[in-house]
$ cat my_file18.cif   # mmCIF, C-alpha atoms and all ligand atoms
data_target
loop_
_atom_site.label_atom_id
_atom_site.label_comp_id
_atom_site.auth_asym_id
_atom_site.auth_seq_id
_atom_site.Cartn_x
_atom_site.Cartn_y
_atom_site.Cartn_z
CA MET A 1 94.43 114.73 126.43
CA THR A 2 94.07 118.39 127.33
CA GLU A 3 96.33 119.86 129.98
CA SER A 4 93.35 120.56 132.24
CA TRP A 5 94.32 117.52 134.33
CA ARG A 6 97.01 119.67 135.92
CA GLY A 7 94.38 122.01 137.28
CA ARG A 8 92.38 119.14 138.72
CA CYS A 9 95.47 117.46 140.20
CA TYR A 10 96.33 120.12 142.78
CA SER A 11 97.24 117.62 145.53
CA ILE A 12 98.05 113.91 145.88
CA PRO A 13 94.49 113.05 146.99
CA ALA A 14 93.27 114.93 143.89
CA VAL A 15 95.66 112.91 141.68
CA ARG A 16 94.18 109.77 143.22
CA ASP A 17 90.66 110.96 142.35
CA GLU A 18 91.74 111.60 138.78
CA ALA A 19 93.35 108.15 138.51
CA ARG A 20 90.15 106.57 139.81
CA ARG A 21 88.23 108.35 137.08
CA ILE A 22 90.62 107.10 134.39
CA LEU A 23 91.39 103.50 135.37
CA PRO A 24 88.99 100.56 135.13
CA ARG A 25 87.81 99.57 138.58
CA PRO A 26 89.87 96.34 138.88
CA VAL A 27 93.04 98.19 137.88
CA PHE A 28 92.44 101.15 140.19
CA ASP A 29 91.61 98.80 143.07
CA PHE A 30 94.83 96.87 142.43
CA THR A 31 96.82 100.08 143.04
CA ASP A 32 94.69 101.43 145.84
CA GLY A 33 93.74 98.42 147.94
CA GLY A 34 95.22 96.63 150.92
CA ALA A 35 94.95 93.26 152.67
CA ASP A 36 92.02 91.90 154.69
CA ASP A 37 90.15 94.78 156.36
CA GLU A 38 92.69 97.37 155.17
CA THR A 39 93.41 98.38 158.77
CA THR A 40 97.12 98.89 158.18
CA LEU A 41 96.44 100.74 154.94
CA ARG A 42 94.28 103.24 156.81
CA ARG A 43 96.64 103.43 159.81
CA ASN A 44 99.58 104.36 157.60
CA GLU A 45 97.85 107.58 156.61
CA LEU A 46 95.96 108.28 159.84
CA ASP A 47 98.97 107.95 162.14
CA PHE A 48 100.68 110.84 160.39
CA GLN A 49 97.83 112.96 161.73
CA ARG A 50 98.74 111.86 165.26
CA VAL A 51 102.16 113.45 164.95
CA SER A 52 102.10 117.20 165.62
CA LEU A 53 104.61 119.70 164.33
CA ILE A 54 106.19 122.35 166.59
CA PRO A 55 107.48 125.07 164.23
CA ARG A 56 110.26 127.56 164.92
CA PRO A 57 109.52 130.19 162.26
CA LEU A 58 111.89 132.77 163.77
CA ASN A 59 114.78 130.71 162.42
CA GLY A 60 113.95 132.55 159.20
CA PRO A 61 114.95 130.08 156.49
CA GLY A 62 114.85 132.41 153.47
CA GLN A 63 116.12 129.69 151.14
CA ARG A 64 115.51 126.00 151.69
CA ASP A 65 117.80 123.21 150.56
CA LEU A 66 115.83 119.97 150.22
CA SER A 67 118.75 117.83 149.12
CA VAL A 68 120.00 114.74 150.96
CA ASP A 69 123.00 112.44 150.63
CA LEU A 70 121.90 108.85 150.39
CA LEU A 71 124.07 105.81 149.70
CA GLY A 72 126.61 107.69 147.66
CA HIS A 73 124.22 109.94 145.74
CA ARG A 74 123.04 113.47 146.32
CA LEU A 75 119.27 113.58 145.80
CA ALA A 76 117.49 116.87 145.14
CA LEU A 77 114.70 115.97 147.53
CA PRO A 78 114.22 113.51 150.39
CA LEU A 79 111.76 111.40 148.44
CA LEU A 80 112.36 108.42 146.15
CA ILE A 81 110.05 106.32 144.03
CA GLY A 82 109.64 102.90 145.60
CA PRO A 83 109.10 99.59 143.79
CA THR A 84 105.66 98.88 142.35
CA GLY A 85 104.93 95.82 140.25
CA LEU A 86 102.99 96.31 137.01
CA ALA A 87 103.55 100.06 136.73
CA GLY A 88 103.36 99.34 133.00
CA LEU A 89 99.67 98.62 133.49
CA MET A 90 99.04 102.29 134.28
CA TRP A 91 100.67 103.69 131.14
CA PRO A 92 102.58 102.22 128.19
CA GLU A 93 106.18 101.63 129.29
CA GLY A 94 105.16 102.99 132.69
CA GLU A 95 108.37 102.08 134.48
CA LYS A 96 110.52 103.94 131.99
CA ALA A 97 108.22 106.96 132.19
CA ALA A 98 108.40 107.04 135.99
CA ALA A 99 112.17 106.51 136.05
CA ARG A 100 112.63 109.41 133.62
CA ALA A 101 110.47 111.65 135.80
CA ALA A 102 112.45 110.68 138.91
CA ALA A 103 115.77 111.39 137.18
CA ALA A 104 114.52 114.76 135.93
CA ALA A 105 113.47 115.65 139.49
CA GLY A 106 116.93 114.67 140.72
CA THR A 107 115.88 111.63 142.69
CA ALA A 108 116.15 107.84 142.58
CA TYR A 109 113.83 105.20 141.15
CA CYS A 110 113.52 101.63 142.37
CA LEU A 111 112.42 99.09 139.78
CA SER A 112 110.15 96.32 141.02
CA HIS A 113 110.85 92.64 140.49
CA GLY A 114 107.44 92.68 138.82
CA SER A 115 108.07 95.46 136.33
CA VAL A 116 106.52 95.03 132.90
CA CYS A 117 109.82 96.07 131.32
CA ARG A 118 113.06 94.16 131.80
CA LEU A 119 115.59 95.51 134.27
CA GLU A 120 118.05 95.94 131.38
CA ASP A 121 115.69 98.48 129.78
CA LEU A 122 116.21 101.26 132.38
CA PRO A 123 119.95 101.81 131.83
CA ARG A 124 119.19 102.24 128.12
CA ILE A 125 117.19 105.39 128.85
CA GLY A 126 119.94 106.69 131.11
CA ALA A 127 117.74 107.20 134.17
CA GLY A 128 119.47 107.13 137.54
CA PRO A 129 120.17 106.68 140.35
CA ARG A 130 118.31 103.38 140.16
CA TRP A 131 117.82 100.49 142.53
CA MET A 132 116.58 96.99 141.76
CA GLN A 133 114.12 95.19 144.03
CA VAL A 134 114.20 91.41 144.45
CA PHE A 135 112.64 88.69 146.60
CA VAL A 136 114.01 85.42 147.95
CA TYR A 137 112.82 82.82 145.45
CA ARG A 138 112.37 79.10 146.01
CA ASP A 139 115.01 78.92 143.31
CA ARG A 140 117.79 80.77 145.15
CA GLY A 141 119.72 80.74 141.91
CA PHE A 142 117.11 83.07 140.41
CA THR A 143 117.56 85.59 143.27
CA GLU A 144 121.28 85.60 142.54
CA GLU A 145 120.66 85.77 138.81
CA LEU A 146 118.57 88.94 139.26
CA ALA A 147 121.27 90.44 141.52
CA ASN A 148 123.94 89.64 138.94
CA ARG A 149 121.83 91.04 136.11
CA ALA A 150 121.29 94.23 138.16
CA ALA A 151 125.04 94.53 138.73
CA ALA A 152 125.78 94.02 135.04
CA ALA A 153 123.17 96.66 134.18
CA GLY A 154 124.80 99.18 136.52
CA TYR A 155 122.15 99.46 139.22
CA ASP A 156 123.19 101.60 142.19
CA GLY A 157 121.46 99.56 144.89
CA LEU A 158 119.79 96.20 145.48
CA LEU A 159 116.63 96.21 147.56
CA LEU A 160 115.44 93.00 149.20
CA THR A 161 111.75 93.04 150.12
CA THR A 162 111.09 90.78 153.08
CA ASP A 163 107.37 91.13 153.79
CA ASN A 164 105.87 89.56 150.69
CA GLN A 165 106.96 85.93 150.79
CA MET A 166 103.32 84.90 150.79
CA LEU A 167 100.97 87.25 149.01
CA GLY A 168 98.58 89.24 151.22
CA ASN A 169 94.85 88.62 151.02
CA ARG A 170 93.79 91.55 148.86
CA GLU A 171 90.06 91.20 148.86
CA ARG A 172 89.37 93.95 146.35
CA ASP A 173 91.40 91.92 143.84
CA VAL A 174 89.53 88.76 144.78
CA ARG A 175 86.19 90.51 144.36
CA ASN A 176 87.22 91.98 141.02
CA GLY A 177 88.76 88.75 139.72
CA PHE A 178 91.97 90.69 139.06
CA ALA A 179 94.35 88.74 136.81
CA ILE A 180 97.32 89.44 134.59
CA PRO A 181 96.78 90.30 131.83
CA PRO A 182 93.57 91.87 133.16
CA ARG A 183 90.31 90.38 131.97
CA PHE A 184 87.19 92.43 132.21
CA ARG A 185 83.85 90.85 133.00
CA ALA A 186 80.52 91.77 131.43
CA GLY A 187 79.66 93.80 134.56
CA ASP A 188 82.93 95.75 134.27
CA LEU A 189 82.28 96.53 130.63
CA LEU A 190 79.15 98.49 131.47
CA ALA A 191 81.32 100.78 133.58
CA MET A 192 84.01 100.93 130.89
CA ALA A 193 82.53 103.72 128.80
CA GLY A 194 84.45 106.34 130.79
CA LYS A 195 87.62 104.29 130.58
CA LEU A 196 87.95 104.26 126.81
CA PRO A 197 90.95 106.63 126.69
CA TRP A 198 92.88 104.26 128.98
CA LEU A 199 91.79 101.20 126.98
CA TRP A 200 92.82 102.88 123.72
CA ARG A 201 96.17 103.97 125.14
CA MET A 202 96.85 100.46 126.41
CA ARG A 203 95.45 98.54 123.40
CA ASN A 204 98.82 97.18 122.27
CA GLU A 205 100.18 96.60 125.76
CA LEU A 206 97.29 94.81 127.44
CA PRO A 207 97.56 91.42 125.75
CA ARG A 208 101.25 91.13 126.62
CA ILE A 209 101.33 92.62 130.14
CA SER A 210 103.60 90.40 132.19
CA PHE A 211 106.59 90.41 134.52
CA GLY A 212 109.36 91.34 132.11
CA ASN A 213 112.18 90.11 134.35
CA TYR A 214 110.76 86.59 134.42
CA VAL A 215 109.99 86.14 130.77
CA ARG A 216 112.17 83.54 129.16
CA GLN A 217 112.10 82.22 125.65
CA GLY A 218 109.00 80.12 125.09
CA GLN A 219 107.48 80.92 128.52
CA PRO A 220 103.79 81.83 128.45
CA VAL A 221 103.08 85.50 129.18
CA ASP A 222 99.92 84.84 131.18
CA ILE A 223 100.56 85.10 134.93
CA GLY A 224 96.91 84.59 135.83
CA SER A 225 96.31 84.93 139.56
CA LEU A 226 99.06 86.93 141.24
CA ALA A 227 98.71 84.98 144.50
CA LYS A 228 99.11 81.61 142.77
CA ARG A 229 102.10 82.71 140.71
CA MET A 230 103.84 84.30 143.71
CA ALA A 231 103.22 81.15 145.78
CA GLU A 232 104.97 79.12 143.09
CA LEU A 233 107.94 81.49 143.01
CA LEU A 234 108.55 82.76 146.56
CA ASP A 235 109.79 80.86 149.59
CA PRO A 236 108.15 81.64 152.95
CA SER A 237 111.10 79.97 154.70
CA MET A 238 113.36 82.89 153.80
CA SER A 239 115.78 83.71 156.63
CA TRP A 240 118.82 85.76 157.58
CA ARG A 241 120.95 83.15 155.82
CA ASP A 242 119.45 84.46 152.59
CA VAL A 243 120.44 88.00 153.53
CA GLU A 244 123.94 86.77 154.26
CA ARG A 245 124.14 85.04 150.88
CA LEU A 246 122.86 88.10 149.05
CA ARG A 247 125.37 90.26 150.92
CA GLN A 248 128.13 88.09 149.44
CA VAL A 249 126.71 88.14 145.92
CA TRP A 250 125.84 91.84 145.69
CA LYS A 251 128.78 94.16 146.35
CA GLY A 252 126.96 97.51 146.17
CA PRO A 253 124.47 99.07 148.62
CA LEU A 254 122.03 96.44 149.96
CA ILE A 255 118.74 97.79 151.29
CA ILE A 256 116.27 95.72 153.34
CA LYS A 257 112.60 96.68 152.94
CA GLY A 258 109.77 95.55 155.17
CA ILE A 259 111.25 96.30 158.61
CA LEU A 260 108.91 97.09 161.52
CA HIS A 261 110.68 95.42 164.46
CA PRO A 262 113.75 97.22 165.89
CA ASP A 263 115.66 93.95 166.33
CA GLU A 264 115.34 93.20 162.62
CA ALA A 265 116.82 96.61 161.85
CA ARG A 266 119.64 96.03 164.34
CA GLN A 267 120.42 92.67 162.79
CA ALA A 268 120.35 94.06 159.24
CA ALA A 269 122.90 96.70 160.26
CA ALA A 270 125.06 94.08 162.01
CA MET A 271 125.06 91.93 158.87
CA GLY A 272 126.43 94.70 156.72
CA CYS A 273 123.26 95.88 155.04
CA ASP A 274 123.53 99.50 153.99
CA ALA A 275 120.01 100.78 154.75
CA VAL A 276 116.63 99.59 155.98
CA ILE A 277 113.18 100.69 154.91
CA VAL A 278 110.51 100.83 157.59
CA SER A 279 107.53 99.51 155.67
CA ASN A 280 104.47 97.30 155.91
CA HIS A 281 104.11 97.11 152.14
CA GLY A 282 101.50 99.83 152.19
CA GLY A 283 99.08 97.59 154.10
CA ARG A 284 98.98 95.08 151.22
CA GLN A 285 100.50 92.19 153.16
CA LEU A 286 99.97 91.50 156.88
CA ASP A 287 96.95 93.47 158.04
CA GLY A 288 96.87 94.88 161.58
CA THR A 289 100.53 95.85 161.83
CA LEU A 290 101.89 99.07 163.25
CA SER A 291 101.78 101.92 160.81
CA SER A 292 105.16 102.78 159.31
CA ILE A 293 105.37 106.14 161.06
CA ALA A 294 104.54 104.51 164.41
CA ALA A 295 107.27 101.91 163.89
CA LEU A 296 109.91 104.43 162.83
CA PRO A 297 111.18 105.91 166.15
CA ALA A 298 112.10 102.57 167.71
CA VAL A 299 113.86 101.43 164.54
CA VAL A 300 115.81 104.69 164.39
CA ASP A 301 116.86 104.20 168.00
CA ALA A 302 117.88 100.58 167.39
CA VAL A 303 120.06 101.42 164.41
CA ALA A 304 121.62 104.36 166.27
CA GLY A 305 122.94 106.10 163.18
CA ARG A 306 124.90 103.12 161.85
CA ILE A 307 122.91 103.00 158.58
CA PRO A 308 120.19 105.19 157.08
CA VAL A 309 116.59 104.36 157.95
CA LEU A 310 114.05 105.09 155.22
CA LEU A 311 110.27 104.94 155.42
CA ASP A 312 107.35 104.30 153.11
CA GLY A 313 103.63 103.91 153.63
CA GLY A 314 100.97 106.59 153.60
CA ILE A 315 103.12 109.52 152.47
CA ARG A 316 100.57 111.80 150.83
CA ARG A 317 101.69 115.28 151.94
CA GLY A 318 104.91 117.23 152.23
CA THR A 319 104.20 117.50 155.95
CA ASP A 320 104.21 113.67 156.16
CA VAL A 321 107.76 113.68 154.80
CA VAL A 322 108.78 116.43 157.23
CA LYS A 323 107.34 114.45 160.17
CA ALA A 324 109.17 111.27 159.13
CA LEU A 325 112.47 113.14 158.72
CA ALA A 326 112.07 114.83 162.09
CA LEU A 327 111.52 111.38 163.62
CA GLY A 328 114.81 110.20 162.18
CA ALA A 329 114.12 108.94 158.64
CA ALA A 330 116.90 109.69 156.17
CA SER A 331 114.42 109.83 153.30
CA CYS A 332 110.94 108.61 152.30
CA LEU A 333 109.56 106.62 149.39
CA ILE A 334 106.24 106.85 147.60
CA ALA A 335 104.47 104.08 145.74
CA ARG A 336 100.77 104.62 145.06
CA PRO A 337 101.03 108.38 144.35
CA GLN A 338 103.50 107.59 141.58
CA LEU A 339 101.15 104.99 140.05
CA TRP A 340 98.27 107.44 140.14
CA GLY A 341 100.44 110.09 138.47
CA LEU A 342 101.38 107.57 135.78
CA ALA A 343 97.74 106.69 135.17
CA VAL A 344 96.85 110.36 134.74
CA ALA A 345 99.59 111.46 132.36
CA GLY A 346 102.56 109.08 132.17
CA GLU A 347 105.93 110.74 132.69
CA ALA A 348 104.34 114.20 133.00
CA GLY A 349 101.98 112.84 135.65
CA VAL A 350 104.82 111.44 137.77
CA ALA A 351 106.78 114.67 137.32
CA HIS A 352 103.69 116.52 138.53
CA VAL A 353 103.39 114.27 141.60
CA LEU A 354 107.05 114.83 142.49
CA GLU A 355 106.62 118.57 142.01
CA ILE A 356 103.60 118.62 144.34
CA PHE A 357 105.72 116.90 146.98
CA ARG A 358 108.68 119.22 146.36
CA ARG A 359 106.51 122.31 146.76
CA GLU A 360 104.78 120.94 149.85
CA ILE A 361 108.04 119.89 151.54
CA ASP A 362 109.56 123.29 150.75
CA ARG A 363 106.54 125.12 152.14
CA ALA A 364 106.47 122.98 155.27
CA MET A 365 110.18 123.55 155.86
CA ALA A 366 109.75 127.31 155.44
CA LEU A 367 106.92 127.35 157.96
CA MET A 368 108.83 125.04 160.33
CA GLY A 369 111.89 127.27 160.30
CA ALA A 370 114.12 124.64 158.68
CA ALA A 371 116.62 125.71 156.03
CA ARG A 372 118.14 122.26 155.54
CA ILE A 373 116.95 118.70 155.99
CA ALA A 374 119.33 118.36 158.95
CA ASP A 375 117.34 121.14 160.68
CA LEU A 376 114.33 118.80 160.95
CA THR A 377 115.08 117.45 164.40
CA ALA A 378 113.11 115.38 166.93
CA ASP A 379 112.24 118.41 169.09
CA LEU A 380 110.06 119.74 166.24
CA VAL A 381 107.48 116.95 166.54
CA THR A 382 105.36 115.53 169.30
CA GLY A 383 102.44 113.17 169.73
CA ASP A 384 100.26 111.57 172.33
CA GLN A 385 101.37 108.09 171.40
CA ARG A 386 103.56 105.82 173.45
CA TRP A 387 105.76 105.26 170.41
CA MET A 388 106.71 108.94 170.40
CA ARG A 389 108.52 108.57 173.73
CA SER A 390 111.35 106.45 172.44
CA ARG A 391 112.87 109.49 170.74
CA PRO A 392 114.80 112.11 172.75
C1 LIG A 401 100.34 98.33 143.06
C2 LIG A 401 101.48 98.15 144.00
C3 LIG A 401 102.51 97.27 143.67
C4 LIG A 401 103.57 97.06 144.53
N1 LIG A 401 104.58 96.23 144.16
C5 LIG A 401 105.66 96.08 144.97
C6 LIG A 401 106.75 95.28 144.56
O1 LIG A 401 106.75 94.73 143.48
N2 LIG A 401 107.78 95.17 145.42
C7 LIG A 401 107.82 95.79 146.63
O2 LIG A 401 108.79 95.67 147.37
N3 LIG A 401 106.81 96.58 147.02
C8 LIG A 401 105.74 96.74 146.23
N4 LIG A 401 104.71 97.55 146.63
C9 LIG A 401 104.78 98.22 147.94
C10 LIG A 401 105.38 99.61 147.84
O3 LIG A 401 106.72 99.60 147.43
C11 LIG A 401 105.28 100.37 149.18
O4 LIG A 401 105.96 99.61 150.17
C12 LIG A 401 103.87 100.60 149.67
O5 LIG A 401 102.94 100.72 148.64
C13 LIG A 401 103.77 101.80 150.61
O6 LIG A 401 103.78 103.02 150.00
P1 LIG A 401 102.48 103.91 149.58
O7 LIG A 401 101.62 104.12 150.78
O8 LIG A 401 103.16 105.16 149.11
O9 LIG A 401 101.78 103.16 148.51
C14 LIG A 401 103.63 97.77 145.78
C15 LIG A 401 102.62 98.66 146.09
C16 LIG A 401 101.55 98.87 145.22
C17 LIG A 401 100.50 99.87 145.60
#

$ encode --input "my_file18.cif" --output "structure tokens" --more "lines below"
Ligand SMILES: Cc1cc2nc3c(=O)[nH]c(=O)nc-3n(C[C@H](O)[C@H](O)[C@H](O)COP(=O)(O)O)c2cc1C
Amino acid sequence: MTESWRGRCYSIPAVRDEARRILPRPVFDFTDGGADDETTLRRNELDFQRVSLIPRPLNGPGQRDLSVDLLGHRLALPLLIGPTGLAGLMWPEGEKAAARAAAAAGTAYCLSHGSVCRLEDLPRIGAGPRWMQVFVYRDRGFTEELANRAAAAGYDGLLLTTDNQMLGNRERDVRNGFAIPPRFRAGDLLAMAGKLPWLWRMRNELPRISFGNYVRQGQPVDIGSLAKRMAELLDPSMSWRDVERLRQVWKGPLIIKGILHPDEARQAAAMGCDAVIVSNHGGRQLDGTLSSIAALPAVVDAVAGRIPVLLDGGIRRGTDVVKALALGAASCLIARPQLWGLAVAGEAGVAHVLEIFRREIDRAMALMGAARIADLTADLVTGDQRWMRSRP
């Protein structure tokens, strides 16, 4: 591939366009789509536009320091890579490529339960800090097994995702007949001519794409329908008792992802969890929820500084990160932008995505008059929404 992709990928929306050009439709739609009518998916991005910045340029921040302290690590920027299943479908060994890019940028990477690689593979490449994401399984022993494997492999945090116990109704995937490994229909093949570089790159991987962490000796690789497989594995009757149990099993930082209600955040803090992530799973689960940025202020108020509050969902610009931080987030996570970067150019593509964000955050801080992340305070944002009022 020529390096001209860098020129075309001048922003995150441009990286998305490039990924759409490269990936077969069912694969691109798997990364891009949301549940039902995709209302939450759209809201996540649109609600950032309803937050307005109030800059103080006369503060004159000649040099900006983008670093943050988070759960015992100093990160070079307030942006981590969140968990995304099947990143290895974007690029051969996609999870390792993305984790390397995160480490090189000085930030953390969270491996998904549904990674194509095994969780033991990341420590071998030396990438860190790294977190491991798990669910509550019908077989509670398997949840604990994953936590114990993550501890043995030296993970720095365990992230429990709470909003995916029954898979969302992702109609793009239904329409495309998305399955794992992907199967392409005659109609898709007609559109495949432009996708040959991806097919060639993935020729050895495609037949054995699976969830690496679940593969046991003699188990078939074929997952088939994601919804059916997840329904077999995950328990919708998950409760706080499961959080309590996990808190006993996992001694390191425990992070709860999928929080929108302030009382859930309060309870997580009371139960000894170390951070919460305000998230609606990027609009892939329950459709019609609050956007993440709209949910953030009340969660920040509820937690009252006891534990860090992180946010994901719809972060596509440096100014989105700056708005979230000003509203009280300790840091943000990205998911889709990282997958699009992977699809475009593997590790170099993810590095490029992180660099776009770094430059945009730096520029926004300069124009806002903020030299340090701590300078991004609630008085620097406003909005016409009721949810804005809960912040001082
Ligand atoms: C293709 C894809 C796979 C995902 N897989 C997982 C997963 O395995 N575990 C999880 O907790 N979240 C998963 N997510 C949700 C993301 O971690 C994140 O919450 C969400 O996408 C919001 O961020 P975004 O707007 O930057 O994509 C996935 C998201 C996408 C797009």

$ atom_distance --input "my_file18.cif" --atom1 "CA of Thr39 in chain A" --atom2 "CA of Leu167 in chain A"
16.6 Å

$ closest_residue --input "my_file18.cif" --among "A:Arg316, A:Arg56, A:Arg359, A:Arg170" --to "ligand LIG 401 (chain A)" --atoms "all atoms listed in the file"
A:Arg316

$ atom_distance --input "my_file18.cif" --atom1 "CA of Arg317 in chain A" --atom2 "CA of Ile277 in chain A"
18.8 Å

$ closest_residue --input "my_file18.cif" --among "A:Arg185, A:Arg175, A:Arg118, A:His352" --to "Cys9 in chain A" --atoms "only C-alpha atoms"
A:His352

$ residues_around --input "my_file18.cif" --residues "range 360-363 of chain A" --least-positions-apart "4" --cutoff "8 Å" --atoms "all atoms listed in the file" --output "PyMOL selection string"
chain A and resi 64+66+317-319+321-322+356+367

$ closest_residue --input "my_file18.cif" --among "A:Gln338, A:Gln165, A:Asn176, A:Gln63" --to "Glu95 in chain A" --atoms "only C-alpha atoms"
A:Gln338

$ closest_residue --input "my_file18.cif" --among "A:Ala179, A:Ile334, A:Leu160, A:Leu260" --to "Ala102 in chain A" --atoms "all atoms listed in the file"
A:Ile334

$ atom_distance --input "my_file18.cif" --atom1 "atom C11 of ligand LIG 401 (chain A)" --atom2 "CA of Ala335 in chain A"
5.1 Å

$ residues_near_ligand --input "my_file18.cif" --ligand "ligand LIG 401 (chain A)" --cutoff "9 Å" --atoms "all atoms listed in the file" --output "ChimeraX atom specification"
/A:27-34,41,44-45,81-87,110-115,133-135,159-164,257-258,277-284,292,311-316,333-339

$ closest_atom_pairs --input "my_file18.cif" --of "range 322-386 of chain A" --to "range 197-214 of chain A" --cutoff "12 Å" --atoms "only C-alpha atoms" --output "CSV"
residue,atom,partner,partner_atom,distance
A:Leu342,CA,A:Trp198,CA,11.4
A:Ala343,CA,A:Trp198,CA,8.2
A:Val344,CA,A:Trp198,CA,9.3
A:Ala345,CA,A:Trp198,CA,10.4
A:Gly346,CA,A:Arg201,CA,10.8

$ write_last_selection --input "my_file18.cif" --atoms "C-alpha atoms" --output "mmCIF file, in the frame of the given file"
data_model
loop_
_atom_site.group_PDB
_atom_site.id
_atom_site.type_symbol
_atom_site.label_atom_id
_atom_site.label_comp_id
_atom_site.auth_asym_id
_atom_site.auth_seq_id
_atom_site.Cartn_x
_atom_site.Cartn_y
_atom_site.Cartn_z
ATOM 1 C CA LEU A 342 101.380 107.570 135.780
ATOM 2 C CA ALA A 343 97.740 106.690 135.170
ATOM 3 C CA VAL A 344 96.850 110.360 134.740
ATOM 4 C CA ALA A 345 99.590 111.460 132.360
ATOM 5 C CA GLY A 346 102.560 109.080 132.170
#

$ residues_around --input "my_file18.cif" --residues "Ser331 in chain A" --least-positions-apart "4" --cutoff "12 Å" --atoms "only C-alpha atoms" --output "ChimeraX atom specification"
/A:66-71,74-82,107-108,275-278,296,308-312,315,320-327,373-374,376

$ closest_atom_pairs --input "my_file18.cif" --of "range 134-180 of chain A" --to "range 235-251 of chain A" --cutoff "8 Å" --atoms "only C-alpha atoms" --output "CSV"
residue,atom,partner,partner_atom,distance
A:Val136,CA,A:Met238,CA,6.4
A:Tyr137,CA,A:Asp235,CA,5.5
A:Arg138,CA,A:Asp235,CA,4.8
A:Glu144,CA,A:Val249,CA,6.9
A:Ala147,CA,A:Trp250,CA,6.3
A:Asn148,CA,A:Trp250,CA,7.3
A:Ala151,CA,A:Trp250,CA,7.5
A:Leu158,CA,A:Trp250,CA,7.5
A:Gln165,CA,A:Pro236,CA,4.9
A:Met166,CA,A:Pro236,CA,6.2

$ closest_residue --input "my_file18.cif" --among "A:Asn169, A:Ala101, A:Glu38, A:Leu53" --to "Val353 in chain A" --atoms "only C-alpha atoms"
A:Ala101

$ residues_around --input "my_file18.cif" --residues "Leu354 in chain A" --least-positions-apart "4" --cutoff "8 Å" --atoms "only C-alpha atoms" --output "JSON list (two decimals) with C-alpha atoms, in the coordinates of the input"
[["chain", "number", "residue", "atom", "x", "y", "z"],
["A", 102, "ALA", "CA", 112.45, 110.68, 138.91],
["A", 105, "ALA", "CA", 113.47, 115.65, 139.49],
["A", 350, "VAL", "CA", 104.82, 111.44, 137.77],
["A", 358, "ARG", "CA", 108.68, 119.22, 146.36]]

$ closest_residue --input "my_file18.cif" --among "A:Ser4, A:Phe48, A:Ala104, A:Tyr155" --to "Ser291 in chain A" --atoms "all atoms listed in the file"
A:Phe48
